[in-house]
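Trainee: A single structure is presented below for examination.
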Amino acid sequence: MTKQNTDTIDQLYSLIANEEDARVCKDIPDEACREVPRNFFLILASNVLTKLGDLLTSPKTVLAWLMSAVGAPALVAWLVPIRESGSMLPQMVIGAWVRRKPVRKWFWVMGSFGQAVSVMAMAASVWFLEGYAAGAGIVAALIAFSLARGFCSVAMKDVQGKCIPKSRRGRLSGLATTFGGTLTVAMTLLLFWGQEDPNVAFYGLLLLLAAGLWVIAGFLFAGVQEYEGETSGGGNALAEAFKSLSLLKEDAPFRHFVITRALLLCSALAAPYFVVLAQQQSEGSLLLGVFLLVSSLASSISASVWGWMADSSSRKTMIRGAAIASGVCLVVAVTAMAADDGTRSSWFYPAAFFVLQIAHSGVRLGRKTYLVDMAGGNKRTDYTAVSNSVIGVLLLVTGALTAAISAISEIAVILVLGLMGAGGMVSALRLKEVS
């Protein structure tokens, strides 16, 4: 890289850092501090590309439509649980493996390429198979996709913790979400505008486009200058994984964080039920596109603000996000119970969904930043792996419970999740500051 390019990157980073000494470093060594500006933008670009890929492979939109299109609608129910929990459940084993390596960026690169290959397999299933054979191919590829995503999740927090200063991690995540959300809006309009009934070949091409984004992201992340960190040697990965579970018993602050994070699942689990209620009262063909755009706009508008807040206090960011999420769920539940005859305006549920997505962005950025800041060295990898594995199990359990409640009433699910979010807010109030 030429000196001119280096100077330009330093200047851009100085604008983002908003301080005289843009390279002020906390919790990372001096040699890593010198590489912060370049690493910041490489990680940022990689995250933005993967967020665009996530749009094109969303289990709530694209994959769900594909399941119906290929003739396997009964498999739709498995998409979101596999996508979310499949990447979390094995992370204790993945974390034990990753922890042995002094340089861990290659796990993220491997995970990114793995997601690309998995998405290509989905496209192949769409083009060359039919019916439940195609649906099974998509599910199998999604399982592989989720496992690859697990490597990225564990490695990202550790690499970010080693390469980005403590007071800059929140805004990195916030900017990635903002840019990703903004580009998502543009891409949604570009790809879906006027597409009243896209055919299967069109969605197969979308999957290939998404695969290309993950490939490019992997090459960019490979350029991150990561210095060697702590390692723990020996031992079987599975044995090490179960050993790391002792953190929940021995580390009270970490246990409290995991409990808080579990309660804050409400902001993610409630969103589909907003869409369900809207579908029950609207027959407009543009409804799905409206929710997709609303979700993207919420991320692009709010994420950077949440990121800056998280750098100041990730704990308070979680509290504010939880309060908003809980509040909007309770308002929607009460409103739906008071007037369930379709008299509400057509924008009510999209507007509520917009607020919920803003809240979810705050909860997500707050808890990610809190986890990275609360631990150093190998603890960061252990915390990430144990937390994600436990949440993966709880996500399946909570999903099963909400599915059972939804058989009675979707409104009851939203009410329960709103109360759950209120509990998460109270729990976050009792967390210690780590900034």
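Chain labels run A, B, ... following the order of the structure tokens; each chain numbers its residues from 1, and ligands are numbered from 1 in the order shown.
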For A:Gly307, work out the shell of residues within 10 Å, counting only C-alpha atoms and skipping chain neighbours fewer than 3 positions away, then give it as an NGL selection string.
Mentor: :A and (168-178 or 302-304 or 310-314 or 317 or 361-362 or 365-366 or 369)
Trainee: Quick one: write out the picked residues with C-alpha atoms as a PDB file, in the first residue's frame?
Mentor:
```pdb
ATOM      1  CA  ARG A 168     -14.049   2.226  18.655  1.00  0.00           C
ATOM      2  CA  ARG A 169     -15.698  -1.183  18.450  1.00  0.00           C
ATOM      3  CA  GLY A 170     -19.248   0.028  18.842  1.00  0.00           C
ATOM      4  CA  ARG A 171     -19.014   2.552  16.031  1.00  0.00           C
ATOM      5  CA  LEU A 172     -17.392  -0.054  13.758  1.00  0.00           C
ATOM      6  CA  SER A 173     -20.419  -2.319  14.216  1.00  0.00           C
ATOM      7  CA  GLY A 174     -22.760   0.666  13.932  1.00  0.00           C
ATOM      8  CA  LEU A 175     -21.236   1.901  10.677  1.00  0.00           C
ATOM      9  CA  ALA A 176     -21.287  -1.595   9.188  1.00  0.00           C
ATOM     10  CA  THR A 177     -24.988  -1.921   9.983  1.00  0.00           C
ATOM     11  CA  THR A 178     -25.738   1.602   8.710  1.00  0.00           C
ATOM     12  CA  SER A 302     -30.185   3.931  13.916  1.00  0.00           C
ATOM     13  CA  ALA A 303     -27.144   1.665  13.939  1.00  0.00           C
ATOM     14  CA  SER A 304     -24.421   4.325  13.950  1.00  0.00           C
ATOM     15  CA  ALA A 310     -22.252   1.603  22.920  1.00  0.00           C
ATOM     16  CA  ASP A 311     -18.747   3.079  22.949  1.00  0.00           C
ATOM     17  CA  SER A 312     -19.880   5.351  25.767  1.00  0.00           C
ATOM     18  CA  SER A 313     -21.834   2.673  27.665  1.00  0.00           C
ATOM     19  CA  SER A 314     -22.805  -0.652  26.108  1.00  0.00           C
ATOM     20  CA  THR A 317     -27.397   0.866  25.144  1.00  0.00           C
ATOM     21  CA  SER A 361     -30.336  -2.877  16.543  1.00  0.00           C
ATOM     22  CA  GLY A 362     -29.600  -1.213  19.890  1.00  0.00           C
ATOM     23  CA  LEU A 365     -24.954  -3.664  19.219  1.00  0.00           C
ATOM     24  CA  GLY A 366     -25.063  -3.128  22.969  1.00  0.00           C
ATOM     25  CA  THR A 369     -19.905  -4.484  22.442  1.00  0.00           C
TER      26      THR A 369
END
```
Trainee: Would you compute the distance between atom CA of A:Gly111 and atom CA of A:Leu52? Give it in Å to one decimal.
Mentor: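 Taking atom CA of A:Gly111 as the start and atom CA of A:Leu52 as the end point, the length is 16.1 Å.
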Trainee: Kindly give the distance, in Å, that separates atom CA of A:Gly71 and atom CA of A:Tyr132, rounded to a single decimal.
Mentor: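 So the answer is 6.5 Å.
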Trainee: Tell me which protein, DNA and RNA residues are within 9 Å of A:Val294, counting only C-alpha atoms, leaving out same-chain ones fewer than 3 positions away, and put them as a VMD selection string.
Mentor: chain A and resid 185 289 to 291 297 to 299 350 to 351 353 to 354 357
Trainee: Find the distance between atom CA of A:Ala134 and atom CA of A:Ala116 and write it in Å to one decimal.
Mentor: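 Interatomic distance here is 18.3 Å.
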Trainee: Hey, what does DSSP flag as helix (DSSP H, G or I) within stretch 265-386 of chain A? Can you give it to me as a PyMOL selection string?
Mentor: chain A and resi 266-269+271-280+287-312+314-338+348-374+378-386
Trainee: Using only C-alpha atoms, which of A:Ile301, A:Gly423, A:Met374, A:Ala325 sits nearest A:Pro253?
Mentor: A:Met374
Trainee: Using only C-alpha atoms, which of the listed residues (A:Ala136, A:Ser296, A:Val154, A:Ile143) sits closest to A:Lys51?
Mentor: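 Of all the options, A:Ser296 lies closest to A:Lys51.
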Trainee: Counting only C-alpha atoms, figure out which residue out of A:Leu269, A:Asp382, A:Phe254, A:Leu292 gets nearest to A:Leu401.
Mentor: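 The closest residue to A:Leu401 is A:Leu269.
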Trainee: Point out the residue among A:Leu189, A:Leu147, A:Leu330, A:Val372 with the least atom-to-atom distance to A:Ala270, counting only C-alpha atoms.
Mentor: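 Among the listed residues, the smallest separation from A:Ala270 belongs to A:Leu330.
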Trainee: Just checking: using only C-alpha atoms, which residue out of A:Leu208, A:Arg104, A:Leu277, A:Arg380 ends up closest to A:Ser406?
Mentor: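 Using only C-alpha atoms, A:Ser406 sits closest to A:Leu277.
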Trainee: Would you mind listing what lies within 9 Å of A:Ser389 as a VMD selection string, with only C-alpha atoms counted and same-chain residues fewer than 2 positions away left out?
Mentor: chain A and resid 85 87 to 92 384 to 387 391 to 394
Trainee: May I have the selected residues written with N, CA and C atoms, as an mmCIF file, in the first residue's frame?
Mentor:
```cif
data_model
loop_
_atom_site.group_PDB
_atom_site.id
_atom_site.type_symbol
_atom_site.label_atom_id
_atom_site.label_comp_id
_atom_site.auth_asym_id
_atom_site.auth_seq_id
_atom_site.Cartn_x
_atom_site.Cartn_y
_atom_site.Cartn_z
ATOM 1 N N SER A 85 -29.865 -20.875 15.276
ATOM 2 C CA SER A 85 -29.303 -21.787 16.264
ATOM 3 C C SER A 85 -28.173 -22.638 15.703
ATOM 4 N N SER A 87 -25.771 -21.848 13.907
ATOM 5 C CA SER A 87 -24.465 -21.192 13.998
ATOM 6 C C SER A 87 -24.020 -20.997 15.440
ATOM 7 N N MET A 88 -24.952 -21.141 16.396
ATOM 8 C CA MET A 88 -24.628 -20.895 17.802
ATOM 9 C C MET A 88 -24.288 -22.156 18.583
ATOM 10 N N LEU A 89 -25.054 -23.232 18.347
ATOM 11 C CA LEU A 89 -24.929 -24.429 19.180
ATOM 12 C C LEU A 89 -23.522 -25.032 19.211
ATOM 13 N N PRO A 90 -22.807 -25.117 18.073
ATOM 14 C CA PRO A 90 -21.485 -25.759 18.120
ATOM 15 C C PRO A 90 -20.344 -24.822 18.505
ATOM 16 N N GLN A 91 -20.653 -23.628 18.977
ATOM 17 C CA GLN A 91 -19.583 -22.649 19.137
ATOM 18 C C GLN A 91 -18.644 -22.937 20.300
ATOM 19 N N MET A 92 -19.062 -23.735 21.276
ATOM 20 C CA MET A 92 -18.112 -24.102 22.330
ATOM 21 C C MET A 92 -16.990 -24.961 21.766
ATOM 22 N N THR A 384 -17.598 -15.697 24.066
ATOM 23 C CA THR A 384 -18.398 -15.712 22.837
ATOM 24 C C THR A 384 -18.966 -17.095 22.562
ATOM 25 N N ALA A 385 -18.109 -18.116 22.663
ATOM 26 C CA ALA A 385 -18.527 -19.474 22.341
ATOM 27 C C ALA A 385 -19.587 -19.983 23.316
ATOM 28 N N VAL A 386 -19.339 -19.820 24.615
ATOM 29 C CA VAL A 386 -20.288 -20.309 25.619
ATOM 30 C C VAL A 386 -21.604 -19.549 25.525
ATOM 31 N N SER A 387 -21.525 -18.229 25.417
ATOM 32 C CA SER A 387 -22.727 -17.408 25.338
ATOM 33 C C SER A 387 -23.573 -17.794 24.132
ATOM 34 N N ILE A 391 -27.254 -19.571 24.202
ATOM 35 C CA ILE A 391 -28.362 -18.833 23.577
ATOM 36 C C ILE A 391 -28.962 -19.639 22.430
ATOM 37 N N GLY A 392 -28.134 -20.414 21.715
ATOM 38 C CA GLY A 392 -28.656 -21.257 20.647
ATOM 39 C C GLY A 392 -29.669 -22.267 21.161
ATOM 40 N N VAL A 393 -29.360 -22.879 22.308
ATOM 41 C CA VAL A 393 -30.297 -23.829 22.920
ATOM 42 C C VAL A 393 -31.555 -23.104 23.379
ATOM 43 N N LEU A 394 -31.366 -21.977 24.062
ATOM 44 C CA LEU A 394 -32.514 -21.232 24.576
ATOM 45 C C LEU A 394 -33.387 -20.684 23.450
#
```
